[in-house]
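For reference, my_file_12.pdb (PDB, C-alpha atoms and all ligand atoms):
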```
ATOM      1  CA  MET A 222      98.162  70.049-118.509
ATOM      2  CA  THR A 223      97.072  73.620-117.887
ATOM      3  CA  GLY A 224      93.902  74.908-116.313
ATOM      4  CA  ARG A 225      92.254  77.787-114.500
ATOM      5  CA  VAL A 226      91.716  78.066-110.778
ATOM      6  CA  LEU A 227      87.998  78.151-109.999
ATOM      7  CA  LYS A 228      88.181  78.151-106.253
ATOM      8  CA  SER A 229      90.838  78.366-103.564
ATOM      9  CA  THR A 230      90.743  77.288 -99.943
ATOM     10  CA  GLY A 231      94.371  78.155 -99.292
ATOM     11  CA  SER A 232      95.462  74.523 -99.114
ATOM     12  CA  TRP A 233      93.725  73.066-102.165
ATOM     13  CA  TYR A 234      92.480  74.505-105.425
ATOM     14  CA  GLU A 235      89.606  73.551-107.691
ATOM     15  CA  VAL A 236      91.011  73.727-111.227
ATOM     16  CA  ALA A 237      89.135  73.622-114.535
ATOM     17  CA  GLY A 238      91.410  71.634-116.822
ATOM     18  CA  GLU A 239      91.804  72.366-120.510
ATOM     19  CA  ASP A 240      90.211  68.924-121.052
ATOM     20  CA  THR A 241      86.962  70.391-119.552
ATOM     21  CA  LEU A 242      87.251  68.150-116.466
ATOM     22  CA  GLN A 243      87.646  69.509-112.963
ATOM     23  CA  TYR A 244      90.538  68.672-110.628
ATOM     24  CA  ALA A 245      91.175  69.107-106.908
ATOM     25  CA  CYS A 246      94.770  70.297-106.787
ATOM     26  CA  ARG A 247      97.442  70.856-104.230
ATOM     27  CA  VAL A 248     100.591  72.879-104.678
ATOM     28  CA  ARG A 249     103.900  71.083-105.190
ATOM     29  CA  GLY A 250     105.874  71.441-101.989
ATOM     30  CA  LYS A 251     108.939  72.956-103.519
ATOM     31  CA  LEU A 252     107.041  75.346-105.805
ATOM     32  CA  ARG A 253     108.461  78.687-104.919
ATOM     33  CA  LEU A 254     105.763  81.071-103.823
ATOM     34  CA  GLU A 255     108.115  83.729-102.609
ATOM     35  CA  GLY A 256     108.201  87.167-104.108
ATOM     36  CA  PHE A 257     104.443  87.532-103.736
ATOM     37  CA  LYS A 258     103.528  90.300-101.377
ATOM     38  CA  GLU A 259      99.862  89.366-101.438
ATOM     39  CA  SER A 260      98.617  86.924 -98.851
ATOM     40  CA  ASN A 261      97.404  84.394-101.443
ATOM     41  CA  PRO A 262      99.920  83.468-104.138
ATOM     42  CA  ILE A 263      97.359  81.553-106.209
ATOM     43  CA  ALA A 264      94.051  83.275-106.870
ATOM     44  CA  VAL A 265      90.777  82.506-108.582
ATOM     45  CA  GLY A 266      91.296  82.938-112.316
ATOM     46  CA  ASP A 267      94.991  82.072-112.260
ATOM     47  CA  ARG A 268      96.273  79.910-115.083
ATOM     48  CA  VAL A 269      98.317  77.036-113.708
ATOM     49  CA  ALA A 270     100.216  74.036-115.003
ATOM     50  CA  PHE A 271      99.495  70.840-113.117
ATOM     51  CA  GLU A 272     100.115  67.095-113.156
ATOM     52  CA  ALA A 273      96.854  65.178-113.111
ATOM     53  CA  ILE A 274      96.502  61.967-111.127
ATOM     54  CA  GLY A 275      92.952  60.759-111.610
ATOM     55  CA  LYS A 276      90.633  63.534-110.473
ATOM     56  CA  GLU A 277      93.344  65.183-108.423
ATOM     57  CA  GLY A 278      96.346  67.201-109.395
ATOM     58  CA  ILE A 279      99.546  68.856-108.291
ATOM     59  CA  ILE A 280     100.182  72.443-109.359
ATOM     60  CA  THR A 281     103.725  72.808-110.645
ATOM     61  CA  GLU A 282     103.661  76.309-112.067
ATOM     62  CA  ILE A 283     101.663  79.539-111.954
ATOM     63  CA  LEU A 284     101.571  81.077-115.416
ATOM     64  CA  PRO A 285     102.111  84.842-115.815
ATOM     65  CA  ARG A 286      99.054  87.015-115.124
ATOM     66  CA  ASP A 287      97.517  89.441-117.623
ATOM     67  CA  ASN A 288      96.029  91.419-114.746
ATOM     68  CA  HIS A 289      94.556  91.042-111.291
ATOM     69  CA  MET A 290      92.169  92.769-108.927
ATOM     70  CA  LEU A 291      93.304  93.303-105.362
ATOM     71  CA  ARG A 292      91.256  93.274-102.260
ATOM     72  CA  GLN A 293      92.482  95.121 -99.212
ATOM     73  CA  SER A 294      92.772  92.912 -96.167
ATOM     74  CA  VAL A 295      90.072  93.634 -93.625
ATOM     75  CA  LYS A 296      92.300  92.845 -90.677
ATOM     76  CA  ARG A 297      95.719  94.035 -91.672
ATOM     77  CA  THR A 298      95.691  97.354 -93.449
ATOM     78  CA  GLY A 299      98.381  97.705 -96.040
ATOM     79  CA  HIS A 300      98.078  94.051 -96.930
ATOM     80  CA  ALA A 301      96.110  92.804 -99.856
ATOM     81  CA  SER A 302      94.859  89.580-101.281
ATOM     82  CA  VAL A 303      94.278  88.939-104.944
ATOM     83  CA  LEU A 304      90.540  88.772-105.484
ATOM     84  CA  ALA A 305      90.880  87.353-109.000
ATOM     85  CA  ALA A 306      93.334  87.242-111.892
ATOM     86  CA  ASN A 307      93.159  87.251-115.700
ATOM     87  CA  ILE A 308      89.836  89.056-116.014
ATOM     88  CA  ASP A 309      88.313  90.235-119.327
ATOM     89  CA  GLN A 310      85.746  92.579-117.818
ATOM     90  CA  VAL A 311      84.452  93.855-114.506
ATOM     91  CA  LEU A 312      80.730  94.091-113.872
ATOM     92  CA  ILE A 313      79.909  96.438-111.000
ATOM     93  CA  LEU A 314      76.523  95.632-109.554
ATOM     94  CA  ALA A 315      75.156  98.675-107.715
ATOM     95  CA  THR A 316      71.901  99.682-106.041
ATOM     96  CA  LEU A 317      70.367 102.960-104.909
ATOM     97  CA  ARG A 318      68.385 101.143-102.233
ATOM     98  CA  GLN A 319      68.823  98.004-100.123
ATOM     99  CA  PRO A 320      71.718  98.730 -99.809
ATOM    100  CA  ARG A 321      72.776 102.098-101.202
ATOM    101  CA  THR A 322      76.038 101.802-103.123
ATOM    102  CA  SER A 323      78.348 104.752-102.613
ATOM    103  CA  LEU A 324      79.575 106.513-105.722
ATOM    104  CA  GLY A 325      83.037 106.402-104.169
ATOM    105  CA  PHE A 326      82.861 102.620-104.260
ATOM    106  CA  ILE A 327      81.779 102.530-107.910
ATOM    107  CA  ASP A 328      84.526 104.936-108.931
ATOM    108  CA  ARG A 329      87.214 103.028-107.027
ATOM    109  CA  VAL A 330      86.320  99.777-108.744
ATOM    110  CA  LEU A 331      86.274 101.578-112.096
ATOM    111  CA  VAL A 332      89.720 103.075-111.428
ATOM    112  CA  SER A 333      91.180  99.712-110.368
ATOM    113  CA  ALA A 334      89.899  98.092-113.560
ATOM    114  CA  GLU A 335      90.952 101.021-115.732
ATOM    115  CA  SER A 336      94.512 100.817-114.345
ATOM    116  CA  PHE A 337      94.762  97.495-116.215
ATOM    117  CA  ARG A 338      92.532  98.734-119.046
ATOM    118  CA  ILE A 339      90.006  96.052-118.119
ATOM    119  CA  PRO A 340      86.645  96.994-119.687
ATOM    120  CA  GLN A 341      83.902  97.873-117.211
ATOM    121  CA  LEU A 342      80.146  97.616-117.096
ATOM    122  CA  ILE A 343      77.918  99.154-114.411
ATOM    123  CA  VAL A 344      74.628  97.394-113.768
ATOM    124  CA  PHE A 345      72.157  99.109-111.450
ATOM    125  CA  ASN A 346      69.932  96.482-109.855
ATOM    126  CA  LYS A 347      66.636  96.536-107.933
ATOM    127  CA  LYS A 348      65.036  99.201-110.083
ATOM    128  CA  ASP A 349      61.695  97.726-108.977
ATOM    129  CA  LEU A 350      62.269  99.285-105.518
ATOM    130  CA  LEU A 351      62.681 102.845-106.791
ATOM    131  CA  ASN A 352      60.136 105.650-106.822
ATOM    132  CA  GLU A 353      59.950 108.227-109.607
ATOM    133  CA  ASP A 354      62.454 110.609-108.023
ATOM    134  CA  GLU A 355      64.957 107.829-107.496
ATOM    135  CA  LEU A 356      64.498 106.578-111.044
ATOM    136  CA  ARG A 357      65.220 110.090-112.282
ATOM    137  CA  GLU A 358      68.361 110.231-110.120
ATOM    138  CA  LEU A 359      69.432 106.882-111.518
ATOM    139  CA  ASN A 360      68.893 108.000-115.100
ATOM    140  CA  GLN A 361      71.062 111.071-114.558
ATOM    141  CA  LEU A 362      73.742 108.949-112.978
ATOM    142  CA  SER A 363      73.628 106.525-115.906
ATOM    143  CA  ILE A 364      74.019 109.349-118.394
ATOM    144  CA  ALA A 365      76.983 110.749-116.471
ATOM    145  CA  TYR A 366      78.749 107.383-116.545
ATOM    146  CA  GLN A 367      77.893 106.745-120.171
ATOM    147  CA  GLU A 368      79.465 110.081-121.036
ATOM    148  CA  THR A 369      82.756 108.823-119.586
ATOM    149  CA  GLY A 370      82.517 105.822-121.906
ATOM    150  CA  THR A 371      81.284 103.264-119.361
ATOM    151  CA  ALA A 372      78.383 101.037-120.359
ATOM    152  CA  VAL A 373      75.397 101.129-117.967
ATOM    153  CA  LEU A 374      72.363  98.853-117.634
ATOM    154  CA  LEU A 375      69.311  99.258-115.354
ATOM    155  CA  ILE A 376      67.742  95.998-114.275
ATOM    156  CA  SER A 377      65.739  94.133-111.725
ATOM    157  CA  ALA A 378      67.528  90.812-111.346
ATOM    158  CA  ALA A 379      64.637  89.395-109.372
ATOM    159  CA  HIS A 380      61.756  90.572-111.573
ATOM    160  CA  ASP A 381      62.851  91.364-115.140
ATOM    161  CA  PRO A 382      61.358  88.673-117.376
ATOM    162  CA  ASP A 383      64.174  89.002-119.904
ATOM    163  CA  LEU A 384      67.813  89.453-118.953
ATOM    164  CA  THR A 385      69.335  88.577-122.328
ATOM    165  CA  PRO A 386      70.950  92.028-122.860
ATOM    166  CA  ILE A 387      73.185  91.384-119.881
ATOM    167  CA  LYS A 388      73.646  87.672-120.625
ATOM    168  CA  ASP A 389      74.875  88.524-124.111
ATOM    169  CA  ARG A 390      77.589  90.739-122.651
ATOM    170  CA  LEU A 391      79.012  87.859-120.636
ATOM    171  CA  GLN A 392      79.483  85.390-123.493
ATOM    172  CA  ASN A 393      83.049  84.290-124.294
ATOM    173  CA  LYS A 394      84.584  86.367-121.510
ATOM    174  CA  VAL A 395      85.858  86.064-117.970
ATOM    175  CA  THR A 396      83.713  88.482-115.961
ATOM    176  CA  LEU A 397      84.293  89.508-112.359
ATOM    177  CA  ILE A 398      81.150  90.646-110.530
ATOM    178  CA  ALA A 399      81.838  93.201-107.796
ATOM    179  CA  GLY A 400      79.434  94.933-105.442
ATOM    180  CA  HIS A 401      78.424  95.478-101.831
ATOM    181  CA  SER A 402      76.852  92.643 -99.897
ATOM    182  CA  GLY A 403      73.164  92.302-100.708
ATOM    183  CA  VAL A 404      73.084  94.081-104.084
ATOM    184  CA  GLY A 405      72.020  90.830-105.746
ATOM    185  CA  LYS A 406      75.181  89.399-107.337
ATOM    186  CA  SER A 407      74.254  85.794-106.647
ATOM    187  CA  THR A 408      70.591  86.432-107.478
ATOM    188  CA  LEU A 409      71.579  87.803-110.882
ATOM    189  CA  LEU A 410      73.849  84.834-111.612
ATOM    190  CA  ASN A 411      71.133  82.376-110.635
ATOM    191  CA  ARG A 412      68.683  84.080-112.980
ATOM    192  CA  LEU A 413      71.160  84.013-115.859
ATOM    193  CA  PHE A 414      72.461  80.506-115.184
ATOM    194  CA  PRO A 415      69.966  78.537-113.055
ATOM    195  CA  GLN A 416      72.313  75.536-112.901
ATOM    196  CA  LEU A 417      74.538  77.522-110.498
ATOM    197  CA  GLU A 418      72.061  77.347-107.603
ATOM    198  CA  LEU A 419      74.010  79.925-105.560
ATOM    199  CA  ALA A 420      72.911  80.786-102.055
ATOM    200  CA  THR A 421      71.237  84.186-101.785
ATOM    201  CA  GLY A 422      70.433  86.107 -98.654
ATOM    202  CA  ALA A 423      67.784  88.352 -97.234
ATOM    203  CA  ILE A 424      68.438  92.022 -96.616
ATOM    204  CA  SER A 425      68.091  92.956 -92.987
ATOM    205  CA  GLY A 426      65.115  95.304 -92.679
ATOM    206  CA  TYR A 427      66.812  97.224 -89.902
ATOM    207  CA  SER A 428      70.108  98.128 -91.540
ATOM    208  CA  GLU A 429      69.054  97.699 -95.185
ATOM    209  CA  LYS A 430      72.325  95.832 -95.574
ATOM    210  CA  GLY A 431      73.174  92.347 -96.742
ATOM    211  CA  THR A 432      74.663  89.806 -94.391
ATOM    212  CA  HIS A 433      77.436  88.271 -96.527
ATOM    213  CA  THR A 434      75.785  85.247 -98.039
ATOM    214  CA  THR A 435      78.710  84.610-100.411
ATOM    215  CA  THR A 436      81.919  84.352 -98.371
ATOM    216  CA  PHE A 437      84.689  83.711-100.912
ATOM    217  CA  ALA A 438      85.294  84.422-104.571
ATOM    218  CA  GLU A 439      84.506  81.548-106.893
ATOM    219  CA  MET A 440      84.736  81.213-110.638
ATOM    220  CA  PHE A 441      82.218  79.186-112.613
ATOM    221  CA  ARG A 442      82.765  77.767-116.078
ATOM    222  CA  LEU A 443      79.518  78.241-117.974
ATOM    223  CA  ASN A 444      80.834  76.885-121.218
ATOM    224  CA  GLU A 445      84.258  76.402-122.712
ATOM    225  CA  THR A 446      84.906  80.117-123.158
ATOM    226  CA  THR A 447      82.592  81.789-120.655
ATOM    227  CA  PHE A 448      83.574  82.199-117.016
ATOM    228  CA  ILE A 449      81.991  84.235-114.284
ATOM    229  CA  ILE A 450      83.385  85.121-110.865
ATOM    230  CA  ASP A 451      80.958  85.637-108.012
ATOM    231  CA  THR A 452      82.572  87.554-105.161
ATOM    232  CA  PRO A 453      81.649  88.188-101.548
ATOM    233  CA  GLY A 454      80.171  91.615-100.868
ATOM    234  CA  ILE A 455      82.923  94.184-100.573
ATOM    235  CA  LYS A 456      82.376  97.112 -98.266
ATOM    236  CA  GLU A 457      85.276  99.312 -99.232
ATOM    237  CA  TRP A 458      87.471  99.005-102.242
ATOM    238  CA  GLY A 459      91.051 100.037-101.608
ATOM    239  CA  LEU A 460      93.420 101.325-104.240
ATOM    240  CA  MET A 461      96.678  99.538-103.720
ATOM    241  CA  ASP A 462     100.008 100.411-105.297
ATOM    242  CA  MET A 463      98.817 103.562-107.011
ATOM    243  CA  ASP A 464     100.726 106.827-107.151
ATOM    244  CA  LYS A 465      98.753 110.042-106.679
ATOM    245  CA  GLN A 466     100.084 111.279-109.999
ATOM    246  CA  GLU A 467      98.677 108.360-111.978
ATOM    247  CA  ILE A 468      95.106 108.349-110.652
ATOM    248  CA  SER A 469      93.736 110.926-113.106
ATOM    249  CA  ASP A 470      95.026 108.712-115.913
ATOM    250  CA  TYR A 471      92.392 106.161-114.853
ATOM    251  CA  PHE A 472      89.502 108.620-115.166
ATOM    252  CA  PRO A 473      88.801 108.467-118.927
ATOM    253  CA  GLU A 474      87.268 111.967-118.921
ATOM    254  CA  MET A 475      90.455 113.396-117.346
ATOM    255  CA  ARG A 476      93.064 111.439-119.228
ATOM    256  CA  GLU A 477      93.517 113.720-122.211
ATOM    257  CA  LEU A 478      92.522 116.975-120.555
ATOM    258  CA  ARG A 479      95.281 116.766-117.982
ATOM    259  CA  LEU A 480      97.883 117.332-120.679
ATOM    260  CA  ASP A 481      96.620 120.940-120.783
ATOM    261  CA  CYS A 482      97.343 121.661-117.110
ATOM    262  CA  LYS A 483      99.961 124.348-116.561
ATOM    263  CA  PHE A 484     102.022 122.057-114.315
ATOM    264  CA  GLY A 485     101.662 119.166-116.734
ATOM    265  CA  SER A 486     102.105 115.721-115.243
ATOM    266  CA  ARG A 487     102.987 117.226-111.838
ATOM    267  CA  CYS A 488      99.478 118.692-111.472
ATOM    268  CA  LEU A 489      97.306 116.821-108.955
ATOM    269  CA  HIS A 490      94.259 118.891-110.003
ATOM    270  CA  LEU A 491      93.472 119.934-106.427
ATOM    271  CA  ASN A 492      94.124 123.703-106.310
ATOM    272  CA  GLU A 493      96.894 124.317-108.817
ATOM    273  CA  PRO A 494      96.667 127.399-111.047
ATOM    274  CA  LYS A 495      95.514 126.975-114.649
ATOM    275  CA  CYS A 496      94.421 123.395-114.100
ATOM    276  CA  ALA A 497      92.440 122.051-117.056
ATOM    277  CA  ILE A 498      90.605 119.499-114.901
ATOM    278  CA  LEU A 499      89.448 122.093-112.348
ATOM    279  CA  HIS A 500      88.249 124.239-115.214
ATOM    280  CA  ALA A 501      86.260 121.317-116.679
ATOM    281  CA  VAL A 502      84.648 120.664-113.289
ATOM    282  CA  GLU A 503      83.635 124.343-113.077
ATOM    283  CA  THR A 504      82.054 124.300-116.515
ATOM    284  CA  GLY A 505      80.330 120.985-115.787
ATOM    285  CA  SER A 506      82.007 118.904-118.473
ATOM    286  CA  ILE A 507      83.417 116.698-115.699
ATOM    287  CA  ALA A 508      80.715 115.519-113.268
ATOM    288  CA  ALA A 509      81.110 116.969-109.750
ATOM    289  CA  SER A 510      80.598 113.553-108.171
ATOM    290  CA  ARG A 511      83.355 111.985-110.253
ATOM    291  CA  TYR A 512      85.713 114.785-109.297
ATOM    292  CA  GLN A 513      84.799 114.308-105.623
ATOM    293  CA  SER A 514      85.724 110.638-105.943
ATOM    294  CA  TYR A 515      88.988 111.641-107.558
ATOM    295  CA  VAL A 516      89.844 114.016-104.698
ATOM    296  CA  SER A 517      89.038 111.372-102.068
ATOM    297  CA  MET A 518      91.363 108.927-103.826
ATOM    298  CA  VAL A 519      94.228 111.416-104.094
ATOM    299  CA  THR A 520      93.905 112.689-100.533
ATOM    300  CA  GLY A 521      93.354 109.162 -99.182
ATOM    301  CA  GLU A 522      90.095 109.969 -97.432
ATOM    302  CA  ASP A 523      87.618 107.233 -96.709
ATOM    303  CA  ASN A 524      85.023 106.312 -99.302
ATOM    304  CA  ARG A 525      82.198 108.800 -99.468
ATOM    305  CA  LYS A 526      78.738 107.647 -98.493
TER
HETATM  306  N1  LIG B 601      63.458  93.854-104.802
HETATM  307  C1  LIG B 601      64.510  93.223-105.323
HETATM  308  N2  LIG B 601      65.270  92.420-104.549
HETATM  309  C2  LIG B 601      66.326  91.801-105.112
HETATM  310  C3  LIG B 601      66.662  91.978-106.477
HETATM  311  N3  LIG B 601      67.773  91.257-106.735
HETATM  312  C4  LIG B 601      68.116  90.648-105.574
HETATM  313  N4  LIG B 601      67.255  90.971-104.581
HETATM  314  C5  LIG B 601      67.286  90.503-103.187
HETATM  315  O1  LIG B 601      68.432  91.012-102.507
HETATM  316  C6  LIG B 601      68.848  90.075-101.493
HETATM  317  C7  LIG B 601      70.350  89.826-101.585
HETATM  318  O2  LIG B 601      70.649  89.137-102.794
HETATM  319  P1  LIG B 601      71.998  88.294-103.010
HETATM  320  O3  LIG B 601      71.931  87.804-104.409
HETATM  321  O4  LIG B 601      72.183  87.280-101.939
HETATM  322  O5  LIG B 601      73.107  89.427-102.851
HETATM  323  P2  LIG B 601      74.703  89.285-103.028
HETATM  324  O6  LIG B 601      75.142  90.493-103.745
HETATM  325  O7  LIG B 601      75.050  87.971-103.629
HETATM  326  O8  LIG B 601      75.199  89.361-101.494
HETATM  327  P3  LIG B 601      76.548  88.748-100.836
HETATM  328  O9  LIG B 601      76.667  87.332-101.278
HETATM  329  O10 LIG B 601      76.338  88.896 -99.358
HETATM  330  O11 LIG B 601      77.681  89.608-101.305
HETATM  331  C8  LIG B 601      68.001  88.834-101.695
HETATM  332  O12 LIG B 601      66.967  88.849-100.730
HETATM  333  C9  LIG B 601      67.436  88.985-103.076
HETATM  334  O13 LIG B 601      66.202  88.350-103.246
HETATM  335  C10 LIG B 601      65.825  92.834-107.285
HETATM  336  O14 LIG B 601      66.026  93.019-108.490
HETATM  337  N5  LIG B 601      64.773  93.427-106.643
HETATM  338 MG    MG B 602      76.265  86.418-103.027
HETATM  339 ZN    ZN B 603      95.420 119.854-113.319
END
```

Structure encoded using C-alpha cells:
Amino acid sequence: MTGRVLKSTGSWYEVAGEDTLQYACRVRGKLRLEGFKESNPIAVGDRVAFEAIGKEGIITEILPRDNHMLRQSVKRTGHASVLAANIDQVLILATLRQPRTSLGFIDRVLVSAESFRIPQLIVFNKKDLLNEDELRELNQLSIAYQETGTAVLLISAAHDPDLTPIKDRLQNKVTLIAGHSGVGKSTLLNRLFPQLELATGAISGYSEKGTHTTTFAEMFRLNETTFIIDTPGIKEWGLMDMDKQEISDYFPEMRELRLDCKFGSRCLHLNEPKCAILHAVETGSIAASRYQSYVSMVTGEDNRK
C-alpha cells in the first residue's frame, strides 16, 4: 500500500494510508537511505510504499519527490533537513507587528518555492494590531507583491469572523505554511479547522517574539484531497544549492527582463554596464525592496531586518 508521511520522529513515521487509515511505520532495516545529503531521508509529505500489519507498518520504499523545501540546520551550517516534500503551494504567513517579518525572509521563501515553480500565497496576519500608517504600509507592500504575480491576503486570524477566502484556497491541495514563530500559523489553522486543536502560544511582551509553540513540522489530512503542513517558526530561511546566476530566474519580475542585459546570462545585476534589471530598479518598475533582497541573496549577506 502507499501513503503519505504526516509526521516523523526520526525512528517512526505517522503515515496516512491510501485507505484513509493511519499507520505508525518504521523503516525496513535494509532500505537503503544512502545518497541523501539531508539529515532526514524521509520527510513530512513524502509518498512511501509500506507493508501494513494491523495499525502498524514497515516502509519499504520512498517514492520519487515532485519537490521539497529545505530547512537549514540551526546547529551545523551547510547542512539541511527537508522541511516537507511534494507540496502544491506555499502559504507565507507574515506580520508587520508581533513579530515583524523581514522582507528578506518573505523573499527567500518565495524564491525557494519559485525554484520548483510551487505556487505561493502571502497572507499578512494580525491586521487588527495595525494603526493607519501601518495599514497604509501594508497596502503598498501588498500591491508590490501582487504586481510580481503573487497573491496576497490581509487577515486577522484571531478576529476575522469569516475566513472562507483563505479556506477556499486550501481545498484539494497540499499547502505548506511557513512563517516566523508567533505569526499565528497554528491559530489560523485552528480557526479554519477547529478539529485540529493545535497548541498556540503567547507572544512575549518584552521581545515581541514568539516562543516556538510548534516544534516540528506536521501534516494534517483534512479530507481525502486536502492536506496542510504546520511548521515550527523559522527564523532565517536559507537558500541551499542555488547558483548566483540562477537566482534572478526565481524573481518573476526579473525573469524575462534579464535577457536584455548586455552580459546576458552572465550578468549578476549588481553593477554591470547596460543591465536591464538595474535600469528597471532605477525607473521603479522593480521594487527597491525586492532588489535589495535579491542583492542580499547573491552576495550571501544575512537576512535584512
Ligand atoms: N492580535 C492578534 N493576535 C493573534 C492573531 N493571530 C494569532 N495571534 C496570537 O499570536 C500568538 C502566537 O500564535 P501561534 O498561532 O501560536 O503562532 P505560530 O505561528 O503557530 O508560532 P510557532 O508555533 O511558535 O511557530 C498567540 O498568542 C495568538 O493568539 C491575530 O490575528 N491578531
Ligand atoms: Mg505553531
Ligand atoms: Zn543584469

Got a sec to check which residues lie within 8 Å of ligand MG 602 (chain B), using only C-alpha atoms and all ligand atoms, and send them as a PDB file with C-alpha atoms, in the frame of the given file?
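Result went into pocket_7.pdb, see below:
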```
ATOM      1  CA  SER A 402      76.852  92.643 -99.897  1.00  0.00           C
ATOM      2  CA  GLY A 403      73.164  92.302-100.708  1.00  0.00           C
ATOM      3  CA  GLY A 405      72.020  90.830-105.746  1.00  0.00           C
ATOM      4  CA  LYS A 406      75.181  89.399-107.337  1.00  0.00           C
ATOM      5  CA  SER A 407      74.254  85.794-106.647  1.00  0.00           C
ATOM      6  CA  THR A 408      70.591  86.432-107.478  1.00  0.00           C
ATOM      7  CA  LEU A 419      74.010  79.925-105.560  1.00  0.00           C
ATOM      8  CA  ALA A 420      72.911  80.786-102.055  1.00  0.00           C
ATOM      9  CA  THR A 421      71.237  84.186-101.785  1.00  0.00           C
ATOM     10  CA  GLY A 422      70.433  86.107 -98.654  1.00  0.00           C
ATOM     11  CA  HIS A 433      77.436  88.271 -96.527  1.00  0.00           C
ATOM     12  CA  THR A 434      75.785  85.247 -98.039  1.00  0.00           C
ATOM     13  CA  THR A 435      78.710  84.610-100.411  1.00  0.00           C
ATOM     14  CA  THR A 436      81.919  84.352 -98.371  1.00  0.00           C
ATOM     15  CA  ASP A 451      80.958  85.637-108.012  1.00  0.00           C
ATOM     16  CA  THR A 452      82.572  87.554-105.161  1.00  0.00           C
ATOM     17  CA  PRO A 453      81.649  88.188-101.548  1.00  0.00           C
ATOM     18  CA  GLY A 454      80.171  91.615-100.868  1.00  0.00           C
TER      19      GLY A 454
END
```

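With distances taken over all atoms listed in the file, A:Ile498 is the one residue among A:Leu397, A:Met463, A:Ile498, A:Leu491 lying closest to Leu478 of chain A.
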
| message | Quick one: residues within 8 Å of Thr223 of chain A, all atoms listed in the file, excluding same-chain residues fewer than 5 positions away - as a PyMOL selection string? | response | chain A and resi 238-239+268-271

Hey, could you make a per-residue contact list for chain A against ligand ZN 603 (chain B) with 7 Å as the cut-off, showing the nearest pair of atoms and its distance in Å to one decimal, counting all atoms listed in the file, sorted by chain and number, as JSON lines?
```
{"residue": "A:Arg479", "atom": "CA", "partner": "B:ZN603", "partner_atom": "ZN", "distance": 5.6}
{"residue": "A:Cys482", "atom": "CA", "partner": "B:ZN603", "partner_atom": "ZN", "distance": 4.6}
{"residue": "A:Cys488", "atom": "CA", "partner": "B:ZN603", "partner_atom": "ZN", "distance": 4.6}
{"residue": "A:Leu489", "atom": "CA", "partner": "B:ZN603", "partner_atom": "ZN", "distance": 5.6}
{"residue": "A:His490", "atom": "CA", "partner": "B:ZN603", "partner_atom": "ZN", "distance": 3.6}
{"residue": "A:Glu493", "atom": "CA", "partner": "B:ZN603", "partner_atom": "ZN", "distance": 6.5}
{"residue": "A:Cys496", "atom": "CA", "partner": "B:ZN603", "partner_atom": "ZN", "distance": 3.8}
{"residue": "A:Ala497", "atom": "CA", "partner": "B:ZN603", "partner_atom": "ZN", "distance": 5.3}
{"residue": "A:Ile498", "atom": "CA", "partner": "B:ZN603", "partner_atom": "ZN", "distance": 5.1}
{"residue": "A:Leu499", "atom": "CA", "partner": "B:ZN603", "partner_atom": "ZN", "distance": 6.5}
```

| task | Specify as a ChimeraX atom specification each residue included when the PyMOL selection byres (((chain A and resi 384) around 12) and not hetatm) is applied to this file. | result | /A:344,346,374-383,385-391,409-414

Just-selected residues, C-alpha atoms written as an mmCIF file, in the coordinates of the input:
```cif
data_model
loop_
_atom_site.group_PDB
_atom_site.id
_atom_site.type_symbol
_atom_site.label_atom_id
_atom_site.label_comp_id
_atom_site.auth_asym_id
_atom_site.auth_seq_id
_atom_site.Cartn_x
_atom_site.Cartn_y
_atom_site.Cartn_z
ATOM 1 C CA VAL A 344 74.628 97.394 -113.768
ATOM 2 C CA ASN A 346 69.932 96.482 -109.855
ATOM 3 C CA LEU A 374 72.363 98.853 -117.634
ATOM 4 C CA LEU A 375 69.311 99.258 -115.354
ATOM 5 C CA ILE A 376 67.742 95.998 -114.275
ATOM 6 C CA SER A 377 65.739 94.133 -111.725
ATOM 7 C CA ALA A 378 67.528 90.812 -111.346
ATOM 8 C CA ALA A 379 64.637 89.395 -109.372
ATOM 9 C CA HIS A 380 61.756 90.572 -111.573
ATOM 10 C CA ASP A 381 62.851 91.364 -115.140
ATOM 11 C CA PRO A 382 61.358 88.673 -117.376
ATOM 12 C CA ASP A 383 64.174 89.002 -119.904
ATOM 13 C CA THR A 385 69.335 88.577 -122.328
ATOM 14 C CA PRO A 386 70.950 92.028 -122.860
ATOM 15 C CA ILE A 387 73.185 91.384 -119.881
ATOM 16 C CA LYS A 388 73.646 87.672 -120.625
ATOM 17 C CA ASP A 389 74.875 88.524 -124.111
ATOM 18 C CA ARG A 390 77.589 90.739 -122.651
ATOM 19 C CA LEU A 391 79.012 87.859 -120.636
ATOM 20 C CA LEU A 409 71.579 87.803 -110.882
ATOM 21 C CA LEU A 410 73.849 84.834 -111.612
ATOM 22 C CA ASN A 411 71.133 82.376 -110.635
ATOM 23 C CA ARG A 412 68.683 84.080 -112.980
ATOM 24 C CA LEU A 413 71.160 84.013 -115.859
ATOM 25 C CA PHE A 414 72.461 80.506 -115.184
#
```

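Atom CA of Glu474 of chain A sits 18.5 Å away from atom CA of Asn492 of chain A.
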
| said: Report, in Å with one decimal, the straight-line distance from atom CA of Arg442 of chain A to atom CA of Gly250 of chain A. | reply: 27.8 Å

| request: Determine, counting only C-alpha atoms, which protein, DNA and RNA residues have an atom within 7 Å of an atom of Ala305 of chain A; residues of the same chain fewer than 3 positions away are not included. Present the result as number ranges by chain. | output: A: 264-266, 289-290

| Looking at only C-alpha atoms, which of A:Met518, A:Gln319, A:Val395, A:Val311 is the one that sits closest to Lys348 of chain A? |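 Smallest distance to Lys348 of chain A is found for A:Gln319.
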
| field | Closest of A:Thr281, A:Thr316, A:Asn288, A:Ser232 to ligand LIG 601 (chain B) - atom-to-atom distances counting only C-alpha atoms and all ligand atoms | value |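 Closest to ligand LIG 601 (chain B) of all the choices is A:Thr316.
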
To test the calculation: enclose all listed atoms of ligand LIG 601 (chain B) in a box whose edges run along x, y and z, add 4 Å on each side, then state centre and edge lengths in Å to one decimal, as AutoDock Vina command-line options.
```
--center_x 70.6 --center_y 90.6 --center_z -103.9 --size_x 22.2 --size_y 14.6 --size_z 17.1
```

| task | Provide the atom CA of Phe472 of chain A to atom CA of Val332 of chain A distance in Å, to one decimal place. | result | 6.7 Å

| Using the chain letters and numbers from the file, which residues does the PyMOL selection byres (((chain A and resi 317) around 8) and not hetatm) grab, as a PyMOL selection string? | chain A and resi 315-316+318-322+345+351+355+359
